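**Q** work20.txt is reproduced below (compact mmCIF, C-alpha atoms and all ligand atoms).
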# COMPACT_ATOMS: atom_id res chain seq x y z
CA MET A 12 -28.25 8.77 -6.39
CA THR A 13 -24.91 7.06 -6.87
CA LYS A 14 -23.56 3.55 -6.23
CA ALA A 15 -21.25 2.39 -3.47
CA ILE A 16 -19.97 -0.76 -1.83
CA ARG A 17 -20.98 -0.52 1.83
CA ILE A 18 -20.61 -2.68 4.94
CA HIS A 19 -23.28 -2.80 7.63
CA THR A 20 -21.33 -5.22 9.81
CA ASN A 21 -17.75 -6.44 10.01
CA GLY A 22 -16.91 -9.85 8.60
CA GLY A 23 -15.83 -11.78 5.51
CA PRO A 24 -16.01 -10.58 1.89
CA ASP A 25 -19.76 -11.35 1.83
CA VAL A 26 -20.48 -8.26 3.99
CA LEU A 27 -19.58 -6.03 1.02
CA ARG A 28 -22.88 -4.78 -0.49
CA TRP A 29 -23.47 -2.85 -3.74
CA GLU A 30 -26.02 -0.19 -2.81
CA ASP A 31 -27.65 3.05 -3.88
CA VAL A 32 -26.51 6.01 -1.82
CA PRO A 33 -27.32 9.72 -2.17
CA THR A 34 -24.85 11.67 -4.32
CA PRO A 35 -22.86 13.73 -1.81
CA GLU A 36 -22.40 17.49 -2.22
CA PRO A 37 -19.04 19.11 -1.62
CA GLY A 38 -18.86 21.47 1.36
CA ALA A 39 -16.36 24.27 1.89
CA GLY A 40 -12.87 23.16 0.91
CA GLU A 41 -14.15 19.93 -0.66
CA VAL A 42 -14.63 18.56 -4.17
CA LEU A 43 -16.88 15.90 -5.69
CA ILE A 44 -14.92 13.35 -7.73
CA GLN A 45 -16.28 10.91 -10.26
CA HIS A 46 -14.05 7.86 -9.87
CA ALA A 47 -12.53 6.32 -12.96
CA ALA A 48 -10.78 3.68 -10.85
CA VAL A 49 -10.50 2.72 -7.18
CA GLY A 50 -7.39 1.12 -5.68
CA LEU A 51 -7.60 -2.18 -3.76
CA ASN A 52 -5.37 -2.26 -0.68
CA TYR A 53 -4.82 -4.63 2.18
CA ILE A 54 -6.01 -1.93 4.59
CA ASP A 55 -9.49 -2.35 3.02
CA VAL A 56 -9.51 -5.89 4.42
CA TYR A 57 -8.64 -4.57 7.91
CA PHE A 58 -11.60 -2.13 7.79
CA ARG A 59 -13.92 -4.86 6.49
CA THR A 60 -12.98 -7.35 9.22
CA GLY A 61 -13.00 -4.73 11.97
CA LEU A 62 -9.27 -4.97 12.78
CA TYR A 63 -9.36 -1.22 12.04
CA LYS A 64 -12.52 0.42 13.39
CA SER A 65 -15.05 2.60 11.56
CA ALA A 66 -18.61 3.74 12.23
CA LEU A 67 -21.20 1.57 10.40
CA PRO A 68 -22.61 1.49 7.82
CA ALA A 69 -19.40 2.43 6.04
CA THR A 70 -18.07 2.80 2.53
CA ILE A 71 -14.52 1.47 2.79
CA GLY A 72 -11.59 2.25 0.47
CA MET A 73 -8.72 4.70 0.67
CA GLU A 74 -7.57 5.35 -2.87
CA GLY A 75 -8.92 6.48 -6.20
CA SER A 76 -8.47 8.46 -9.38
CA GLY A 77 -10.98 10.35 -11.46
CA THR A 78 -12.34 13.67 -12.58
CA VAL A 79 -13.49 16.65 -10.53
CA ARG A 80 -17.27 17.05 -11.00
CA ALA A 81 -17.98 19.93 -8.58
CA VAL A 82 -16.02 22.13 -6.20
CA GLY A 83 -17.14 23.54 -2.84
CA ALA A 84 -16.73 27.07 -1.53
CA GLY A 85 -13.16 28.29 -1.20
CA VAL A 86 -11.59 25.73 -3.55
CA THR A 87 -9.45 27.77 -5.92
CA ASP A 88 -6.73 25.43 -7.15
CA LEU A 89 -8.97 22.74 -8.66
CA ALA A 90 -11.68 23.06 -11.31
CA VAL A 91 -14.38 20.87 -12.85
CA GLY A 92 -12.76 18.47 -15.32
CA ASP A 93 -9.36 18.23 -13.59
CA ARG A 94 -7.79 14.76 -13.46
CA VAL A 95 -6.92 13.91 -9.85
CA ALA A 96 -5.89 11.06 -7.55
CA TYR A 97 -5.56 10.48 -3.81
CA ALA A 98 -4.54 7.99 -1.15
CA GLY A 99 -5.40 7.83 2.52
CA GLY A 100 -8.29 8.51 4.86
CA PRO A 101 -11.05 9.14 5.42
CA ILE A 102 -12.47 5.90 4.00
CA GLY A 103 -15.07 6.18 1.22
CA ALA A 104 -13.37 5.23 -2.03
CA TYR A 105 -15.53 2.21 -2.97
CA ALA A 106 -18.08 4.46 -4.67
CA THR A 107 -18.88 5.76 -8.13
CA GLU A 108 -18.58 9.31 -6.78
CA ARG A 109 -17.27 10.70 -3.51
CA VAL A 110 -16.58 13.96 -1.74
CA ILE A 111 -13.09 14.58 -0.40
CA ALA A 112 -11.09 17.51 0.99
CA ALA A 113 -9.38 19.34 -1.87
CA ASP A 114 -6.08 19.40 0.02
CA ARG A 115 -5.91 15.59 -0.05
CA LEU A 116 -5.89 15.52 -3.87
CA VAL A 117 -3.01 15.70 -6.30
CA ARG A 118 -3.26 16.35 -10.01
CA LEU A 119 -2.56 13.24 -12.06
CA PRO A 120 0.12 13.89 -14.70
CA ASP A 121 -1.19 13.44 -18.27
CA ALA A 122 1.29 10.60 -18.82
CA ILE A 123 -0.37 8.50 -16.09
CA ASP A 124 -3.69 6.86 -16.93
CA PHE A 125 -6.51 6.53 -14.40
CA ASN A 126 -6.01 2.83 -13.67
CA THR A 127 -2.33 3.34 -12.98
CA GLY A 128 -3.15 6.42 -10.89
CA ALA A 129 -5.59 4.49 -8.70
CA ALA A 130 -3.17 1.58 -8.38
CA MET A 131 -0.08 3.56 -7.50
CA MET A 132 -1.01 6.28 -5.03
CA LEU A 133 -1.31 4.37 -1.76
CA GLN A 134 1.23 1.63 -2.49
CA GLY A 135 3.63 4.01 -4.24
CA LEU A 136 3.53 6.74 -1.59
CA THR A 137 4.14 3.98 0.95
CA ALA A 138 7.19 2.71 -0.93
CA GLN A 139 8.40 6.32 -1.21
CA TYR A 140 8.26 7.06 2.51
CA LEU A 141 9.63 3.64 3.49
CA LEU A 142 12.73 3.88 1.27
CA ARG A 143 13.30 7.64 1.45
CA ARG A 144 12.15 8.69 4.93
CA THR A 145 11.60 5.86 7.43
CA PHE A 146 15.03 4.49 6.52
CA ARG A 147 16.82 6.40 3.78
CA VAL A 148 18.44 3.54 1.87
CA GLN A 149 21.89 4.07 0.35
CA ALA A 150 23.43 2.61 -2.79
CA GLY A 151 25.38 -0.53 -2.00
CA GLN A 152 23.17 -1.64 0.89
CA THR A 153 21.29 -4.95 1.02
CA ILE A 154 17.76 -4.93 2.46
CA VAL A 155 14.96 -7.44 3.11
CA VAL A 156 11.49 -6.90 1.58
CA HIS A 157 8.60 -9.20 2.58
CA ALA A 158 5.64 -9.88 0.22
CA ALA A 159 7.99 -8.82 -2.57
CA ALA A 160 5.58 -9.74 -5.39
CA GLY A 161 2.65 -7.82 -3.88
CA GLY A 162 1.46 -4.29 -4.58
CA VAL A 163 3.85 -2.42 -2.29
CA GLY A 164 6.42 -5.18 -2.78
CA LEU A 165 6.92 -4.86 -6.55
CA ILE A 166 7.27 -1.09 -6.20
CA LEU A 167 9.80 -1.45 -3.37
CA CYS A 168 11.87 -3.93 -5.41
CA GLN A 169 12.07 -1.67 -8.47
CA TRP A 170 12.63 1.56 -6.58
CA ALA A 171 15.33 0.06 -4.35
CA LYS A 172 17.15 -1.34 -7.37
CA HIS A 173 16.95 2.07 -9.05
CA LEU A 174 18.65 3.53 -5.95
CA GLY A 175 21.47 0.97 -6.21
CA VAL A 176 20.20 -1.22 -3.37
CA SER A 177 20.24 -5.01 -3.43
CA VAL A 178 16.89 -6.53 -2.40
CA ILE A 179 16.39 -9.90 -0.74
CA GLY A 180 12.70 -10.47 -1.52
CA VAL A 181 10.53 -12.91 0.42
CA VAL A 182 7.58 -14.59 -1.34
CA SER A 183 5.45 -17.74 -1.00
CA THR A 184 5.68 -19.37 -4.45
CA GLU A 185 8.12 -19.97 -7.29
CA GLU A 186 5.90 -17.96 -9.64
CA LYS A 187 6.02 -14.95 -7.30
CA ALA A 188 9.78 -15.42 -6.99
CA GLU A 189 10.11 -15.04 -10.77
CA LEU A 190 8.02 -11.90 -10.70
CA ALA A 191 10.04 -10.33 -7.87
CA ARG A 192 13.28 -11.12 -9.72
CA ALA A 193 11.89 -9.61 -12.92
CA HIS A 194 11.19 -6.42 -10.96
CA GLY A 195 14.65 -6.00 -9.52
CA ALA A 196 14.97 -8.28 -6.50
CA GLU A 197 18.53 -9.57 -6.68
CA HIS A 198 17.83 -12.48 -4.34
CA VAL A 199 14.52 -14.18 -3.59
CA VAL A 200 13.71 -16.50 -0.69
CA ILE A 201 10.58 -18.66 -0.76
CA GLY A 202 8.99 -18.83 2.72
CA HIS A 203 10.51 -17.24 5.80
CA ALA A 204 11.63 -20.26 7.83
CA GLU A 205 15.15 -20.19 6.40
CA LEU A 206 15.28 -16.42 5.90
CA PRO A 207 17.92 -15.49 8.54
CA ALA A 208 20.22 -18.24 7.24
CA ALA A 209 19.77 -17.03 3.67
CA VAL A 210 20.43 -13.42 4.69
CA LYS A 211 23.57 -14.55 6.52
CA ARG A 212 24.82 -16.38 3.45
CA ILE A 213 24.00 -13.55 1.03
CA THR A 214 25.54 -10.80 3.21
CA GLY A 215 28.61 -12.83 4.23
CA GLY A 216 27.44 -12.71 7.85
CA ALA A 217 26.94 -8.92 8.01
CA MET A 218 23.10 -9.14 7.97
CA VAL A 219 20.97 -6.19 6.81
CA PRO A 220 20.48 -2.63 8.13
CA VAL A 221 16.69 -2.66 7.54
CA VAL A 222 13.82 -5.13 7.08
CA TYR A 223 10.54 -3.97 5.53
CA ASP A 224 7.95 -6.39 6.97
CA SER A 225 4.28 -6.08 5.98
CA VAL A 226 3.32 -9.62 6.99
CA GLY A 227 3.22 -8.89 10.72
CA ARG A 228 2.54 -11.64 13.25
CA ASP A 229 3.99 -14.61 11.32
CA THR A 230 7.31 -12.99 10.41
CA PHE A 231 8.16 -10.44 13.14
CA ALA A 232 10.56 -12.65 15.11
CA THR A 233 12.24 -14.02 11.97
CA SER A 234 12.72 -10.50 10.63
CA LEU A 235 14.53 -9.40 13.80
CA ASP A 236 17.00 -12.25 13.21
CA CYS A 237 17.90 -10.79 9.80
CA LEU A 238 19.12 -7.45 11.19
CA ALA A 239 22.68 -6.27 11.76
CA PRO A 240 23.38 -4.67 15.16
CA LEU A 241 21.64 -1.27 15.38
CA GLY A 242 19.40 -2.35 12.48
CA LEU A 243 15.86 -1.03 11.93
CA MET A 244 12.82 -3.28 11.90
CA VAL A 245 10.06 -1.58 9.88
CA THR A 246 6.86 -3.48 10.64
CA TYR A 247 4.29 -1.74 8.45
CA GLY A 248 1.45 -4.22 7.90
CA ASN A 249 -0.65 -7.07 9.32
CA ALA A 250 -1.32 -9.41 6.40
CA SER A 251 -0.96 -12.43 8.74
CA GLY A 252 -2.38 -10.58 11.78
CA PRO A 253 -1.09 -7.85 14.10
CA VAL A 254 2.22 -8.29 15.91
CA PRO A 255 1.66 -9.14 19.60
CA PRO A 256 3.33 -7.01 22.30
CA VAL A 257 7.12 -7.19 22.17
CA ASP A 258 9.49 -7.61 25.12
CA LEU A 259 11.89 -4.70 24.63
CA GLY A 260 14.69 -6.82 26.10
CA THR A 261 14.58 -8.83 22.87
CA LEU A 262 15.83 -5.76 21.01
CA THR A 263 18.75 -5.41 23.43
CA ALA A 264 19.69 -9.07 23.13
CA LYS A 265 19.63 -9.01 19.32
CA GLY A 266 21.98 -6.04 19.03
CA SER A 267 20.41 -2.75 20.18
CA LEU A 268 17.81 -2.92 17.41
CA PHE A 269 15.30 -0.20 16.49
CA VAL A 270 11.64 -0.89 15.67
CA THR A 271 9.08 1.37 14.02
CA ARG A 272 5.41 0.79 13.15
CA PRO A 273 4.80 3.52 10.56
CA THR A 274 1.67 4.47 8.66
CA LEU A 275 1.22 6.53 5.49
CA ALA A 276 -1.26 8.77 7.35
CA THR A 277 1.52 10.22 9.50
CA TYR A 278 3.89 10.68 6.57
CA THR A 279 1.33 12.55 4.46
CA ALA A 280 -0.52 14.45 7.22
CA LYS A 281 1.05 17.73 6.08
CA ARG A 282 0.03 18.79 2.57
CA ALA A 283 3.68 19.66 1.79
CA ASP A 284 4.77 16.10 2.59
CA LEU A 285 1.96 14.63 0.47
CA VAL A 286 2.95 16.79 -2.50
CA ALA A 287 6.68 16.07 -2.09
CA GLY A 288 6.05 12.31 -1.88
CA ALA A 289 3.69 12.35 -4.88
CA THR A 290 6.15 14.43 -6.93
CA GLU A 291 8.92 11.91 -6.27
CA LEU A 292 6.57 9.00 -7.02
CA PHE A 293 5.34 10.51 -10.31
CA GLU A 294 8.96 11.12 -11.32
CA ALA A 295 9.88 7.50 -10.50
CA VAL A 296 6.97 6.23 -12.62
CA THR A 297 7.11 8.63 -15.58
CA SER A 298 10.90 8.18 -15.89
CA GLY A 299 10.38 4.42 -16.20
CA ALA A 300 12.36 3.59 -13.02
CA VAL A 301 9.22 2.08 -11.47
CA ALA A 302 6.49 0.33 -13.48
CA ILE A 303 3.08 -0.01 -11.83
CA ARG A 304 1.77 -3.50 -12.48
CA VAL A 305 -2.02 -3.54 -12.50
CA ASN A 306 -2.21 -7.34 -12.64
CA GLN A 307 -5.90 -7.63 -11.70
CA THR A 308 -8.98 -5.52 -12.37
CA PHE A 309 -12.48 -6.22 -11.03
CA PRO A 310 -15.76 -4.36 -11.45
CA LEU A 311 -16.28 -2.33 -8.23
CA ARG A 312 -19.56 -4.17 -7.67
CA GLU A 313 -17.49 -7.41 -7.44
CA ALA A 314 -15.24 -6.06 -4.68
CA ALA A 315 -15.95 -9.22 -2.66
CA ALA A 316 -14.18 -11.35 -5.28
CA ALA A 317 -11.23 -8.96 -5.22
CA HIS A 318 -10.99 -9.23 -1.42
CA GLU A 319 -11.12 -13.02 -1.62
CA ALA A 320 -8.27 -13.07 -4.11
CA LEU A 321 -6.15 -10.64 -2.07
CA GLU A 322 -6.61 -12.55 1.19
CA ALA A 323 -5.96 -15.90 -0.51
CA ARG A 324 -2.59 -14.50 -1.71
CA LYS A 325 -3.73 -15.00 -5.32
CA THR A 326 -2.98 -11.45 -6.49
CA THR A 327 0.37 -10.06 -7.58
CA GLY A 328 1.29 -6.41 -8.04
CA SER A 329 -1.63 -3.98 -7.82
CA THR A 330 -5.38 -4.38 -8.26
CA VAL A 331 -7.99 -1.81 -9.28
CA LEU A 332 -11.77 -1.80 -9.01
CA ILE A 333 -13.68 -0.18 -11.86
CA PRO A 334 -16.94 1.64 -10.99
P1 LIG B 1 -0.10 -7.27 -1.16
O1 LIG B 1 -0.35 -7.18 -2.60
O2 LIG B 1 1.32 -7.24 -0.68
O3 LIG B 1 -0.82 -8.56 -0.62
C1 LIG B 1 -0.48 -9.13 0.60
C2 LIG B 1 0.62 -10.19 0.46
O4 LIG B 1 1.09 -10.51 1.76
C3 LIG B 1 0.15 -11.50 -0.12
O5 LIG B 1 0.10 -11.51 -1.53
C4 LIG B 1 1.16 -12.46 0.43
O6 LIG B 1 2.31 -12.57 -0.41
C5 LIG B 1 1.61 -11.80 1.74
N1 LIG B 1 1.16 -12.57 2.90
C6 LIG B 1 1.96 -13.16 3.79
N2 LIG B 1 1.25 -13.79 4.72
C7 LIG B 1 -0.05 -13.61 4.42
C8 LIG B 1 -1.25 -14.05 5.00
N3 LIG B 1 -1.27 -14.79 6.11
N4 LIG B 1 -2.42 -13.68 4.41
C9 LIG B 1 -2.43 -12.94 3.31
N5 LIG B 1 -1.29 -12.49 2.70
C10 LIG B 1 -0.11 -12.83 3.26
O7 LIG B 1 -0.93 -6.10 -0.41
P2 LIG B 1 -0.65 -4.53 -0.41
O8 LIG B 1 0.45 -4.19 -1.34
O9 LIG B 1 -1.94 -3.83 -0.50
O10 LIG B 1 -0.14 -4.29 1.06
C11 LIG B 1 1.01 -4.94 1.54
C12 LIG B 1 1.12 -4.76 3.01
O11 LIG B 1 1.55 -3.44 3.28
C13 LIG B 1 -0.16 -4.99 3.81
O12 LIG B 1 0.18 -5.64 5.01
C14 LIG B 1 -0.62 -3.59 4.09
O13 LIG B 1 -1.39 -3.50 5.25
C15 LIG B 1 0.71 -2.86 4.25
N6 LIG B 1 0.62 -1.43 4.00
C16 LIG B 1 0.97 -0.59 5.01
C17 LIG B 1 0.97 0.75 4.81
C18 LIG B 1 1.46 1.65 5.89
O14 LIG B 1 1.61 2.85 5.68
N7 LIG B 1 1.75 1.13 7.08
C19 LIG B 1 0.51 1.35 3.56
C20 LIG B 1 0.25 0.37 2.52
C21 LIG B 1 0.28 -0.97 2.76
P3 LIG B 1 3.09 -13.99 -0.43
O15 LIG B 1 2.09 -14.99 -0.95
O16 LIG B 1 4.24 -13.79 -1.35
O17 LIG B 1 3.51 -14.25 0.98
So, in terms of structure tokens, how does the structure I just supplied come out?
Ligand code: NDP
**A**
Amino acid sequence: MTKAIRIHTNGGPDVLRWEDVPTPEPGAGEVLIQHAAVGLNYIDVYFRTGLYKSALPATIGMEGSGTVRAVGAGVTDLAVGDRVAYAGGPIGAYATERVIAADRLVRLPDAIDFNTGAAMMLQGLTAQYLLRRTFRVQAGQTIVVHAAAGGVGLILCQWAKHLGVSVIGVVSTEEKAELARAHGAEHVVIGHAELPAAVKRITGGAMVPVVYDSVGRDTFATSLDCLAPLGLMVTYGNASGPVPPVDLGTLTAKGSLFVTRPTLATYTAKRADLVAGATELFEAVTSGAVAIRVNQTFPLREAAAAHEALEARKTTGSTVLIP
């Protein structure tokens, strides 16, 4: 037997249960991993509440690091004892051990410890595709980053600065503003009510070519008002709830804007894209350009407390759960 956090119904953090489950066996093309650390991500909240659907009972979680314990038939490029990490579906990371397809794993460089590995894969691969693929930022540009002191946010701030980009970070408190500044945000705005006016002032009226908005419902309209004509609205999360349907005429009226609603799953669906993204991410981290801030750790069995903190906006940077 092994231990896992499972949900039998959707709801608040109290539906997360620490249970005995049978130790899974790897099938063809799969490996069994013993987790050293599990990453906490906002998407875990969406699966817990039922905003994103899964069959029940379910072990949620999309990210982890650890050691290969067994390999299934046909797995030739991984061996027992290898240090690995992963991000993305299928869910099942909130467990001491799990089985996963070998082609979803990457080897963790020796210079990256397990906690950092579990903290950085999902949020770091997201920052990579957002800045390098969804909209390939260029040195000299100014961009808007919401939730700038969060997990994805602190990585975006540092990586953008490294690329010569000026970040206008949006946060909710003075303490988070300090943190975002310390991680490369050149400008920080507290709250989003005055955001378009601040962007106008900072850019001398030009506005920005791209907004990275993970807050969703509460900030969508405000974010559109920060864009220059032909700008790209990247709405990539629902921390405040999903964005309601949009009247496309709004995009015309605000200057022929573009909108995308991307997800990491699409950007890493091909193994080659996963490996390329991870290679760039590992380089960003091992070179020191991007520091992964594991600002909270919780025992895995106390995942409910971690969810409460995340939803109450009490966390900064990344959080890991230790089995
Ligand atoms: P964060 O650490 O960023 O935590 C969420 C933050 O969102 C909070 O700290 C808070 O920062 C801000 N926030 C604003 N409004 C609310 C609200 N009503 N309730 C709660 N938080 C709010 O989480 P992650 O780094 O894990 O994820 C960030 C976002 O990115 C999430 O929306 C997630 O779904 C999305 N995401 C999307 C991916 C994709 O591929 N599409 C992949 C990875 C993440 P503050 O207090 O400063 O406002």
**Q** Given the point (-10.0, -4.3, 1.1) in the file's coordinates, find the residues that have an atom at most 10 Å from it, counting all atoms listed in the file, and give them as a PDB file with C-alpha atoms, keeping the file's coordinate frame.
**A**
ATOM      1  CA  PRO A  24     -16.010 -10.580   1.890  1.00  0.00           C
ATOM      2  CA  LEU A  27     -19.580  -6.030   1.020  1.00  0.00           C
ATOM      3  CA  GLY A  50      -7.390   1.120  -5.680  1.00  0.00           C
ATOM      4  CA  LEU A  51      -7.600  -2.180  -3.760  1.00  0.00           C
ATOM      5  CA  ASN A  52      -5.370  -2.260  -0.680  1.00  0.00           C
ATOM      6  CA  TYR A  53      -4.820  -4.630   2.180  1.00  0.00           C
ATOM      7  CA  ILE A  54      -6.010  -1.930   4.590  1.00  0.00           C
ATOM      8  CA  ASP A  55      -9.490  -2.350   3.020  1.00  0.00           C
ATOM      9  CA  VAL A  56      -9.510  -5.890   4.420  1.00  0.00           C
ATOM     10  CA  TYR A  57      -8.640  -4.570   7.910  1.00  0.00           C
ATOM     11  CA  PHE A  58     -11.600  -2.130   7.790  1.00  0.00           C
ATOM     12  CA  ARG A  59     -13.920  -4.860   6.490  1.00  0.00           C
ATOM     13  CA  THR A  60     -12.980  -7.350   9.220  1.00  0.00           C
ATOM     14  CA  ILE A  71     -14.520   1.470   2.790  1.00  0.00           C
ATOM     15  CA  GLY A  72     -11.590   2.250   0.470  1.00  0.00           C
ATOM     16  CA  MET A  73      -8.720   4.700   0.670  1.00  0.00           C
ATOM     17  CA  TYR A 105     -15.530   2.210  -2.970  1.00  0.00           C
ATOM     18  CA  ALA A 314     -15.240  -6.060  -4.680  1.00  0.00           C
ATOM     19  CA  ALA A 315     -15.950  -9.220  -2.660  1.00  0.00           C
ATOM     20  CA  ALA A 317     -11.230  -8.960  -5.220  1.00  0.00           C
ATOM     21  CA  HIS A 318     -10.990  -9.230  -1.420  1.00  0.00           C
ATOM     22  CA  GLU A 319     -11.120 -13.020  -1.620  1.00  0.00           C
ATOM     23  CA  LEU A 321      -6.150 -10.640  -2.070  1.00  0.00           C
ATOM     24  CA  GLU A 322      -6.610 -12.550   1.190  1.00  0.00           C
TER      25      GLU A 322
END
**Q** Using all atoms listed in the file, find each residue of segment 82-159 of chain A with at least one atom at most 10 Å away from an atom of segment 39-45 of chain A; report its shortest atom-to-atom pair and that distance in Å (one decimal), sort the rows by chain and rising residue number, and return the result as a tab-separated table.
**A**
residue	atom	partner	partner_atom	distance
A:Val82	CA	A:Val42	CA	4.3
A:Gly83	CA	A:Ala39	CA	4.8
A:Ala84	CA	A:Ala39	CA	4.4
A:Gly85	CA	A:Gly40	CA	5.6
A:Val86	CA	A:Gly40	CA	5.3
A:Thr87	CA	A:Gly40	CA	8.9
A:Leu89	CA	A:Val42	CA	8.3
A:Ala90	CA	A:Val42	CA	8.9
A:Val91	CA	A:Val42	CA	9.0
A:Gly92	CA	A:Ile44	CA	9.4
A:Asp93	CA	A:Ile44	CA	9.4
A:Arg94	CA	A:Ile44	CA	9.3
A:Val95	CA	A:Ile44	CA	8.3
A:Ala96	CA	A:Ile44	CA	9.3
A:Ala106	CA	A:Gln45	CA	8.7
A:Thr107	CA	A:Gln45	CA	6.1
A:Glu108	CA	A:Gln45	CA	4.5
A:Arg109	CA	A:Ile44	CA	5.5
A:Val110	CA	A:Leu43	CA	4.4
A:Ile111	CA	A:Glu41	CA	5.5
A:Ala112	CA	A:Glu41	CA	4.2
A:Ala113	CA	A:Glu41	CA	5.0
A:Asp114	CA	A:Gly40	CA	7.8
A:Arg115	CA	A:Glu41	CA	9.3
A:Leu116	CA	A:Val42	CA	9.3
**Q** So that each row is one residue of chain A with an atom at most 7 Å from ligand LIG 1 (chain B), can you give its shortest atom pair and the distance in Å to one decimal, using only C-alpha atoms and all ligand atoms, rows by chain and rising number, as JSON lines?
**A**
{"residue": "A:Leu51", "atom": "CA", "partner": "B:LIG1", "partner_atom": "O9", "distance": 6.7}
{"residue": "A:Asn52", "atom": "CA", "partner": "B:LIG1", "partner_atom": "O9", "distance": 3.8}
{"residue": "A:Tyr53", "atom": "CA", "partner": "B:LIG1", "partner_atom": "O9", "distance": 4.0}
{"residue": "A:Ile54", "atom": "CA", "partner": "B:LIG1", "partner_atom": "O13", "distance": 4.9}
{"residue": "A:Leu133", "atom": "CA", "partner": "B:LIG1", "partner_atom": "C20", "distance": 6.1}
{"residue": "A:Gln134", "atom": "CA", "partner": "B:LIG1", "partner_atom": "C20", "distance": 5.3}
{"residue": "A:Thr137", "atom": "CA", "partner": "B:LIG1", "partner_atom": "C19", "distance": 5.2}
{"residue": "A:Ala158", "atom": "CA", "partner": "B:LIG1", "partner_atom": "O6", "distance": 4.3}
{"residue": "A:Ala159", "atom": "CA", "partner": "B:LIG1", "partner_atom": "O16", "distance": 6.3}
{"residue": "A:Ala160", "atom": "CA", "partner": "B:LIG1", "partner_atom": "O16", "distance": 5.9}
{"residue": "A:Gly161", "atom": "CA", "partner": "B:LIG1", "partner_atom": "O1", "distance": 3.3}
{"residue": "A:Gly162", "atom": "CA", "partner": "B:LIG1", "partner_atom": "O8", "distance": 3.4}
{"residue": "A:Val163", "atom": "CA", "partner": "B:LIG1", "partner_atom": "O8", "distance": 3.9}
{"residue": "A:Gly164", "atom": "CA", "partner": "B:LIG1", "partner_atom": "O2", "distance": 5.9}
{"residue": "A:Val181", "atom": "CA", "partner": "B:LIG1", "partner_atom": "O16", "distance": 6.6}
{"residue": "A:Val182", "atom": "CA", "partner": "B:LIG1", "partner_atom": "O16", "distance": 3.4}
{"residue": "A:Ser183", "atom": "CA", "partner": "B:LIG1", "partner_atom": "O16", "distance": 4.1}
{"residue": "A:Thr184", "atom": "CA", "partner": "B:LIG1", "partner_atom": "O16", "distance": 6.5}
{"residue": "A:Lys187", "atom": "CA", "partner": "B:LIG1", "partner_atom": "O16", "distance": 6.3}
{"residue": "A:Ser225", "atom": "CA", "partner": "B:LIG1", "partner_atom": "O12", "distance": 4.2}
{"residue": "A:Val226", "atom": "CA", "partner": "B:LIG1", "partner_atom": "C6", "distance": 5.0}
{"residue": "A:Tyr247", "atom": "CA", "partner": "B:LIG1", "partner_atom": "N7", "distance": 4.1}
{"residue": "A:Gly248", "atom": "CA", "partner": "B:LIG1", "partner_atom": "O12", "distance": 3.5}
{"residue": "A:Asn249", "atom": "CA", "partner": "B:LIG1", "partner_atom": "O12", "distance": 4.6}
{"residue": "A:Ala250", "atom": "CA", "partner": "B:LIG1", "partner_atom": "O12", "distance": 4.3}
{"residue": "A:Ser251", "atom": "CA", "partner": "B:LIG1", "partner_atom": "N3", "distance": 3.5}
{"residue": "A:Pro273", "atom": "CA", "partner": "B:LIG1", "partner_atom": "N7", "distance": 5.2}
{"residue": "A:Thr274", "atom": "CA", "partner": "B:LIG1", "partner_atom": "O14", "distance": 3.4}
{"residue": "A:Leu275", "atom": "CA", "partner": "B:LIG1", "partner_atom": "O14", "distance": 3.7}
{"residue": "A:Ala276", "atom": "CA", "partner": "B:LIG1", "partner_atom": "O14", "distance": 6.8}
{"residue": "A:Leu321", "atom": "CA", "partner": "B:LIG1", "partner_atom": "O3", "distance": 5.9}
{"residue": "A:Glu322", "atom": "CA", "partner": "B:LIG1", "partner_atom": "C9", "distance": 4.7}
{"residue": "A:Ala323", "atom": "CA", "partner": "B:LIG1", "partner_atom": "C9", "distance": 6.0}
{"residue": "A:Arg324", "atom": "CA", "partner": "B:LIG1", "partner_atom": "O5", "distance": 4.0}
{"residue": "A:Lys325", "atom": "CA", "partner": "B:LIG1", "partner_atom": "O5", "distance": 6.4}
{"residue": "A:Thr326", "atom": "CA", "partner": "B:LIG1", "partner_atom": "O5", "distance": 5.8}
{"residue": "A:Thr327", "atom": "CA", "partner": "B:LIG1", "partner_atom": "O1", "distance": 5.8}
{"residue": "A:Gly328", "atom": "CA", "partner": "B:LIG1", "partner_atom": "O1", "distance": 5.7}
{"residue": "A:Ser329", "atom": "CA", "partner": "B:LIG1", "partner_atom": "O1", "distance": 6.3}
**Q** When you count all atoms listed in the file, which of these residues is closest to Gly77 of chain A: A:Ala122, A:His203, A:Pro35, A:Ala129?
**A**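 When distances to Gly77 of chain A are compared using all atoms listed in the file, the smallest one comes from A:Ala129.
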**Q** Is it possible to get the axis-aligned box enclosing segment 175-187 of chain A (all listed atoms, 6 Å extra per side) as lines of an AutoDock Vina configuration file, with centre and edge lengths in Å rounded to one decimal?
**A**
center_x = 13.5
center_y = -9.5
center_z = -4.6
size_x = 28.0
size_y = 32.9
size_z = 22.1
**Q** Please report the interatomic distance between atom CA of Ala232 of chain A and atom CA of Leu174 of chain A in Å with one decimal.
**A** 27.8 Å
**Q** To one decimal place in Å, what is the distance between atom CA of Val176 of chain A and atom CA of Met244 of chain A?
**A**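 Those two atoms sit 17.1 Å apart.
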**Q** Show which residues sit within 8 Å of segment 296-306 of chain A, as a list in words. Count only C-alpha atoms, and ignore same-chain residues fewer than 3 positions away.
**A**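 Contacts, with the query itself left out: Ala122, Ile123, Asn126, Thr127, Ala130, Met131, Gly162, Leu165, Ile166, Gln169, Trp170, His173, Leu292, Phe293, Thr326, Thr327, Gly328, Ser329, Thr330 and Val331 of chain A.
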**Q** So the first atom is atom CA of Lys64 of chain A and the second is atom CA of Thr271 of chain A; what is the distance between them in Å, to one decimal place?
**A** 21.6 Å
